[in-house]
Protein chains: 2
Amino acid sequence: MEQTKNERVYNFSAGPGSLPLSVLEESARQMTNFNGSGMSVMEMSHRGSYFMEIARDAEATLRRVMGVPDNYKVLFLQGGASTQFSAVPLNLMKSKADYVVSGEFSGKAFKEAARYGDAACIATSAETNFDRIPAFTKKDLRPGTDYLHICYNNTIYGTRYPGVPDTGDVTLVADMSSCIMSEPVDVSKFGVIYAGAQKNIGPAGLTVVIVREDLLGSARPETPTMLDWKVQADAGSMYNTPPCWSIYVAGLVFHWVEDMGGVTEMKKRNEKKAALLYETLENAPLFKLHAQKDSRSLMNVTFRTGDPDMDKLFVSEAAKIGLVTLAGHRKVGGMRASIYNAMPYEGVAKLCDFIQDFSKKYAK
Amino acid sequence: MEQTKNERVYNFSAGPGSLPLSVLEESARQMTNFNGSGMSVMEMSHRGSYFMEIARDAEATLRRVMGVPDNYKVLFLQGGASTQFSAVPLNLMKSKADYVVSGEFSGKAFKEAARYGDAACIATSAETNFDRIPAFTKKDLRPGTDYLHICYNNTIYGTRYPGVPDTGDVTLVADMSSCIMSEPVDVSKFGVIYAGAQKNIGPAGLTVVIVREDLLGSARPETPTMLDWKVQADAGSMYNTPPCWSIYVAGLVFHWVEDMGGVTEMKKRNEKKAALLYETLENAPLFKLHAQKDSRSLMNVTFRTGDPDMDKLFVSEAAKIGLVTLAGHRKVGGMRASIYNAMPYEGVAKLCDFIQDFSKKYAK
């Protein structure tokens, strides 16, 4: 049955990705007059009482949802994770920093750090096209390194750390752009967690940085003021005009996560969705999974037929029934289904039915 | 007559500021299903056909509206003008740079440049609390300076350059955050024009940078990759995920400006609004204007009674009849009415009626 123009699709985009329908509807409902203010959230002074409350509530809700300890600052910034690739070494690197390169973005983060000082890649899975999280222990860290940087979930390759790596006394910094709020995480094990919003948080244009307070105040002299976490922390993320609309929508998403049962419930749902999809793919003779079993992501599921033309047919046939944005990244090929928090079980079930039908039809 | 909770207000916020009601309504109408895509603009892959067309159209429309010559790139970035305070010297300063300090933000831009090299303030109106654009000529520029930086309209103090200063062969860089698209500007007289979106363009979280192509490719080695204009230009402003929603709404605003008659018509309307407001204030015995006549802004009108308690009363009484966000910045005190493109004449007329009534009631 073909999709009509009036229907919502199931959108498997890797980011910007699906948002909860209730969040979209609420933001539309309040568009021209937020809470009787007579203004849109897009029109309000960020220093006014309406927006100050929106920002305060968004931070407080995220703190509850993620269990952020009191000795961590939560910053609402701009520029995406890619800007943090620079901000991390600029704020933290005194002499040297270690990186695990487990995919595209951790590779970019590593290269950016190397522009500012002595950065080393201590483990990588590049030789197997990033089909796994590379093995390493704290003994692989260089003595005196200022931090270890990891990317917790690799969007393009569909891999995820099975647990938080033990780095001993070394500060752990994690890019969690594509898995933040998808499962409970012990924030106290990290020095810094950062994430672009556009996968599990809200609209593109917001970057969340969660940073332990003792790590603030040591930015390198060449750090642009806007990239200095201490400046932003001291100004309550309002050193300049923040991305107000994105913060507002993110706040609605934080409440949605909390109302659904929090990150514990999110993990349960995400595991159920991912289990169904991985099992369906394992049992469909036409398809091969990219990620190794012990490194599989809950958020991004990468698979292929092995025949680029067949992959294209899969993507275009799926789109006809409202299963969209399933093409894989060119570095992996094949397909990628991103099943973030906002993707309902029904969307994954419909995709699985399609996978089975497609496999039956085309498997030799 | 008091404002009710169902009505829109006249919002004189300095930024984020008013947006055209038709733009807000259109964005709400398309919120859960943009053009039959089955997705919100907030949910779409920035690499997908729907968003690529939104971004292409937004740039093309801005180019038409501002008459941007072909040898200029238009970048849609994040981080606000404050991030450009760093990006300007990082991209352009080889040996030294000159700054005119005509207010708060030009002062911040100057200080940021001084962190990277030999920056000089060649003219300032600090000694008169920035009540005017300071006088200078191209003879005041230092020999061999890489550029002159100005802030074309000073939001806090309510001043504006009466025309584009002649800098001879020296590259002119202008922060136009609070006046972009308010009147025709000969882009070819500038090397770089940049603007935070949240005053005359759209929602906070988008920064527009218009840069002449020959100025690209000379970024200093310490430049964060995301702040390198050439990287962004080469990637079509999609080196990473752009602020998609803000670009979409900005595109709607660009079309609104064009449909109204373009920047020529905007200037006519803005001059009419500003003339009414300045004239009303000049004739109301209770009020004094902050900006000197030949430096007056079309966008931000600063005034005061001279009695801080009376100023507070003005702001609170005005709010009761739906004239909101009129408090001045603490550096100037008094009141500030920001009358950007989206502020209708009726809003200014209503404010002027209130000013006259208030002055009659309280002038001694």
# chains A, B, ... in the order shown; residues from 1 in each chain; ligands from 1

$ interface_residues --of "chain B" --to "chain A" --cutoff "6 Å" --atoms "only C-alpha atoms" --output "number ranges by chain"
B: 5, 7-9, 13, 15-18, 28, 36, 38, 42-45, 78-79, 83, 86, 203-205, 224, 226, 243

$ select_by_dssp --residues "stretch 84-224 of chain A" --states "strand (DSSP E)" --output "CSV table (one decimal) with N, CA and C atoms, in the first residue's frame"
chain,number,residue,atom,x,y,z
A,96,LYS,N,49.2,16.3,26.3
A,96,LYS,CA,48.8,15.3,25.3
A,96,LYS,C,47.5,14.7,25.6
A,97,ALA,N,46.9,14.0,24.6
A,97,ALA,CA,45.6,13.4,24.7
A,97,ALA,C,45.5,12.2,23.9
A,98,ASP,N,44.8,11.2,24.4
A,98,ASP,CA,44.6,9.9,23.7
A,98,ASP,C,43.2,9.8,23.1
A,99,TYR,N,43.2,9.1,21.9
A,99,TYR,CA,41.9,9.0,21.2
A,99,TYR,C,41.7,7.5,20.8
A,100,VAL,N,40.5,7.0,20.9
A,100,VAL,CA,40.1,5.8,20.2
A,100,VAL,C,39.4,6.1,19.0
A,101,VAL,N,39.8,5.6,17.8
A,101,VAL,CA,39.2,5.9,16.6
A,101,VAL,C,38.4,4.7,16.1
A,118,ASP,N,49.9,17.1,21.1
A,118,ASP,CA,50.3,15.7,20.9
A,118,ASP,C,49.2,14.7,21.2
A,119,ALA,N,48.4,14.4,20.1
A,119,ALA,CA,47.3,13.5,20.2
A,119,ALA,C,47.7,12.2,19.6
A,120,ALA,N,47.3,11.1,20.3
A,120,ALA,CA,47.7,9.7,19.8
A,120,ALA,C,46.4,8.9,19.7
A,121,CYS,N,46.4,8.1,18.6
A,121,CYS,CA,45.3,7.1,18.5
A,121,CYS,C,45.8,5.8,19.1
A,122,ILE,N,45.2,5.5,20.3
A,122,ILE,CA,45.6,4.3,21.0
A,122,ILE,C,44.9,3.0,20.6
A,123,ALA,N,43.9,3.1,19.9
A,123,ALA,CA,43.2,1.9,19.4
A,123,ALA,C,42.3,2.3,18.3
A,124,THR,N,42.2,1.4,17.3
A,124,THR,CA,41.2,1.7,16.1
A,124,THR,C,40.8,0.4,15.5
A,147,TYR,N,43.5,13.2,28.7
A,147,TYR,CA,42.2,12.6,28.7
A,147,TYR,C,42.2,11.5,27.6
A,148,LEU,N,41.2,10.7,27.7
A,148,LEU,CA,40.9,9.7,26.6
A,148,LEU,C,39.6,10.1,26.0
A,149,HIS,N,39.5,10.3,24.7
A,149,HIS,CA,38.3,10.6,24.0
A,149,HIS,C,37.8,9.4,23.2
A,150,ILE,N,36.5,9.2,23.4
A,150,ILE,CA,35.8,8.1,22.7
A,150,ILE,C,34.5,8.6,22.0
A,151,CYS,N,34.0,7.9,21.0
A,151,CYS,CA,32.7,8.2,20.5
A,151,CYS,C,31.9,6.9,20.9
A,153,ASN,N,28.8,5.9,20.5
A,153,ASN,CA,28.0,5.2,19.5
A,153,ASN,C,28.3,5.7,18.1
A,154,ASN,N,28.7,4.8,17.2
A,154,ASN,CA,29.2,5.3,15.9
A,154,ASN,C,28.0,5.2,14.9
A,159,THR,N,27.9,0.9,15.5
A,159,THR,CA,28.5,0.2,16.6
A,159,THR,C,28.4,1.0,17.9
A,160,ARG,N,28.6,0.4,19.0
A,160,ARG,CA,28.4,1.0,20.3
A,160,ARG,C,29.3,0.3,21.4
A,171,THR,N,40.8,11.2,32.7
A,171,THR,CA,39.5,11.8,32.4
A,171,THR,C,39.0,11.2,31.1
A,172,LEU,N,37.7,10.7,31.1
A,172,LEU,CA,37.1,10.1,30.0
A,172,LEU,C,36.2,11.2,29.3
A,173,VAL,N,36.3,11.4,28.0
A,173,VAL,CA,35.5,12.3,27.3
A,173,VAL,C,34.8,11.6,26.2
A,174,ALA,N,33.4,11.7,26.2
A,174,ALA,CA,32.7,10.9,25.2
A,174,ALA,C,31.7,11.8,24.4
A,175,ASP,N,31.8,11.6,23.1
A,175,ASP,CA,30.8,12.1,22.1
A,175,ASP,C,29.7,11.1,22.1
A,192,VAL,N,33.6,14.6,30.6
A,192,VAL,CA,32.8,15.4,29.7
A,192,VAL,C,32.0,14.4,28.8
A,193,ILE,N,30.7,14.8,28.7
A,193,ILE,CA,29.8,14.1,27.7
A,193,ILE,C,29.3,15.2,26.8
A,194,TYR,N,29.4,15.0,25.5
A,194,TYR,CA,28.8,16.1,24.6
A,194,TYR,C,28.0,15.4,23.5
A,195,ALA,N,27.0,16.1,23.0
A,195,ALA,CA,26.1,15.5,22.0
A,195,ALA,C,25.5,16.6,21.2
A,196,GLY,N,25.5,16.5,19.8
A,196,GLY,CA,24.7,17.3,19.0
A,196,GLY,C,23.2,16.8,19.2
A,207,THR,N,23.8,22.0,20.9
A,207,THR,CA,24.8,21.0,21.4
A,207,THR,C,24.8,21.0,22.9
A,208,VAL,N,24.6,19.8,23.5
A,208,VAL,CA,24.6,19.7,24.9
A,208,VAL,C,26.0,19.3,25.4
A,209,VAL,N,26.6,20.0,26.3
A,209,VAL,CA,27.9,19.6,26.9
A,209,VAL,C,27.7,19.5,28.4
A,210,ILE,N,28.1,18.3,28.9
A,210,ILE,CA,28.0,18.0,30.4
A,210,ILE,C,29.4,17.9,30.8
A,211,VAL,N,29.9,18.8,31.7
A,211,VAL,CA,31.3,18.8,32.0
A,211,VAL,C,31.5,19.0,33.6
A,212,ARG,N,32.4,18.1,34.1
A,212,ARG,CA,32.7,18.2,35.5
A,212,ARG,C,33.3,19.5,35.8

$ residues_around --residues "stretch 130-133 of chain A" --least-positions-apart "5" --cutoff "9 Å" --atoms "only C-alpha atoms" --output "list in words"
Val100, Val101, Ser102, Gly103, Glu104, Thr124, Ser125, Asn154, Tyr157, Gly158, Thr159, Arg160, Tyr161, Pro162, His290, Ala291, Gln292, Lys293, Asp294, Ser295 and Arg296 of chain A

$ residues_around --residues "A:Tyr345" --least-positions-apart "3" --cutoff "7 Å" --atoms "only C-alpha atoms" --output "list in words"
Lys273, Val348 and Ala349 of chain A

$ atom_distance --atom1 "atom CA of A:Leu277" --atom2 "atom CA of B:Tyr50"
27.3 Å

$ atom_distance --atom1 "atom CA of B:Phe76" --atom2 "atom CA of B:Ala233"
9.4 Å

$ select_by_dssp --residues "stretch 257-314 of chain B" --states "alpha helix (DSSP H)" --output "number ranges by chain"
B: 257-260, 262-282, 308-314

$ write_last_selection --atoms "N, CA, C and O atoms" --output "compact mmCIF listing (two decimals), in the first residue's frame"
# COMPACT_ATOMS: atom_id res chain seq x y z
N VAL B 257 10.24 39.21 2.92
CA VAL B 257 10.85 40.50 2.56
C VAL B 257 10.69 40.74 1.06
O VAL B 257 10.28 41.83 0.63
N GLU B 258 11.01 39.73 0.28
CA GLU B 258 10.90 39.86 -1.19
C GLU B 258 9.46 40.16 -1.60
O GLU B 258 9.21 41.06 -2.42
N ASP B 259 8.52 39.43 -1.02
CA ASP B 259 7.11 39.62 -1.39
C ASP B 259 6.59 41.00 -0.99
O ASP B 259 5.70 41.55 -1.63
N MET B 260 7.13 41.56 0.08
CA MET B 260 6.71 42.89 0.52
C MET B 260 7.26 43.99 -0.39
O MET B 260 6.84 45.14 -0.30
N GLY B 262 10.94 43.89 -1.11
CA GLY B 262 12.39 43.87 -0.97
C GLY B 262 12.92 44.91 0.00
O GLY B 262 12.17 45.56 0.73
N VAL B 263 14.24 45.05 0.02
CA VAL B 263 14.88 45.93 1.02
C VAL B 263 14.60 47.40 0.75
O VAL B 263 14.65 48.22 1.66
N THR B 264 14.30 47.75 -0.49
CA THR B 264 13.93 49.15 -0.78
C THR B 264 12.63 49.50 -0.05
O THR B 264 12.52 50.55 0.60
N GLU B 265 11.66 48.60 -0.16
CA GLU B 265 10.39 48.81 0.54
C GLU B 265 10.59 48.73 2.06
O GLU B 265 10.00 49.51 2.81
N MET B 266 11.45 47.82 2.51
CA MET B 266 11.73 47.73 3.94
C MET B 266 12.28 49.06 4.46
O MET B 266 11.88 49.54 5.51
N LYS B 267 13.21 49.64 3.70
CA LYS B 267 13.79 50.91 4.12
C LYS B 267 12.71 51.99 4.24
O LYS B 267 12.66 52.74 5.22
N LYS B 268 11.82 52.04 3.24
CA LYS B 268 10.75 53.03 3.24
C LYS B 268 9.89 52.86 4.50
O LYS B 268 9.60 53.81 5.23
N ARG B 269 9.50 51.64 4.76
CA ARG B 269 8.67 51.36 5.94
C ARG B 269 9.42 51.66 7.24
O ARG B 269 8.87 52.21 8.19
N ASN B 270 10.69 51.26 7.26
CA ASN B 270 11.47 51.46 8.49
C ASN B 270 11.70 52.94 8.76
O ASN B 270 11.65 53.39 9.90
N GLU B 271 11.94 53.70 7.69
CA GLU B 271 12.11 55.15 7.86
C GLU B 271 10.82 55.80 8.35
O GLU B 271 10.84 56.70 9.19
N LYS B 272 9.71 55.32 7.83
CA LYS B 272 8.41 55.88 8.25
C LYS B 272 8.14 55.57 9.73
O LYS B 272 7.71 56.45 10.49
N LYS B 273 8.40 54.35 10.13
CA LYS B 273 8.21 53.97 11.53
C LYS B 273 9.13 54.77 12.43
O LYS B 273 8.72 55.32 13.46
N ALA B 274 10.42 54.82 12.04
CA ALA B 274 11.41 55.50 12.88
C ALA B 274 11.12 56.99 12.96
O ALA B 274 11.22 57.61 14.04
N ALA B 275 10.72 57.59 11.84
CA ALA B 275 10.42 59.03 11.83
C ALA B 275 9.29 59.34 12.80
O ALA B 275 9.36 60.30 13.59
N LEU B 276 8.25 58.53 12.76
CA LEU B 276 7.11 58.73 13.67
C LEU B 276 7.56 58.64 15.13
O LEU B 276 7.20 59.48 15.96
N LEU B 277 8.36 57.64 15.41
CA LEU B 277 8.77 57.42 16.80
C LEU B 277 9.72 58.52 17.29
O LEU B 277 9.55 59.06 18.40
N TYR B 278 10.72 58.86 16.47
CA TYR B 278 11.66 59.92 16.89
C TYR B 278 10.93 61.25 17.05
O TYR B 278 11.17 62.00 18.00
N GLU B 279 10.04 61.55 16.13
CA GLU B 279 9.31 62.81 16.19
C GLU B 279 8.42 62.87 17.44
O GLU B 279 8.37 63.90 18.13
N THR B 280 7.76 61.77 17.69
CA THR B 280 6.90 61.71 18.88
C THR B 280 7.73 61.94 20.14
O THR B 280 7.33 62.68 21.04
N LEU B 281 8.90 61.31 20.20
CA LEU B 281 9.75 61.45 21.39
C LEU B 281 10.32 62.86 21.51
O LEU B 281 10.43 63.40 22.62
N GLU B 282 10.67 63.45 20.36
CA GLU B 282 11.20 64.82 20.41
C GLU B 282 10.16 65.82 20.93
O GLU B 282 10.49 66.81 21.57
N PRO B 308 14.81 56.81 36.82
CA PRO B 308 14.71 55.36 36.65
C PRO B 308 13.37 54.78 37.11
O PRO B 308 12.87 53.82 36.50
N ASP B 309 12.77 55.36 38.15
CA ASP B 309 11.46 54.85 38.59
C ASP B 309 10.38 55.14 37.55
O ASP B 309 9.49 54.32 37.31
N MET B 310 10.46 56.32 36.98
CA MET B 310 9.50 56.69 35.92
C MET B 310 9.67 55.78 34.70
O MET B 310 8.70 55.35 34.09
N ASP B 311 10.94 55.47 34.38
CA ASP B 311 11.21 54.54 33.26
C ASP B 311 10.55 53.19 33.52
O ASP B 311 9.93 52.60 32.63
N LYS B 312 10.70 52.71 34.74
CA LYS B 312 10.11 51.41 35.09
C LYS B 312 8.60 51.45 34.97
O LYS B 312 7.97 50.48 34.50
N LEU B 313 8.02 52.55 35.41
CA LEU B 313 6.57 52.70 35.31
C LEU B 313 6.13 52.68 33.84
O LEU B 313 5.15 52.02 33.47
N PHE B 314 6.89 53.38 33.00
CA PHE B 314 6.59 53.39 31.56
C PHE B 314 6.57 51.97 31.00
O PHE B 314 5.62 51.57 30.33

$ closest_residue --among "A:Tyr152, A:Phe354, A:Phe254, A:Trp229" --to "A:Met299" --atoms "only C-alpha atoms"
A:Tyr152

$ closest_residue --among "B:Ile156, B:Lys189, B:Glu213, B:Tyr248" --to "B:Gly334" --atoms "only C-alpha atoms"
B:Ile156

$ residues_around --residues "A:Leu326" --least-positions-apart "3" --cutoff "8 Å" --atoms "only C-alpha atoms" --output "count of residues only"
7

$ atom_distance --atom1 "atom CA of B:Gln232" --atom2 "atom CA of B:Ser188"
20.9 Å
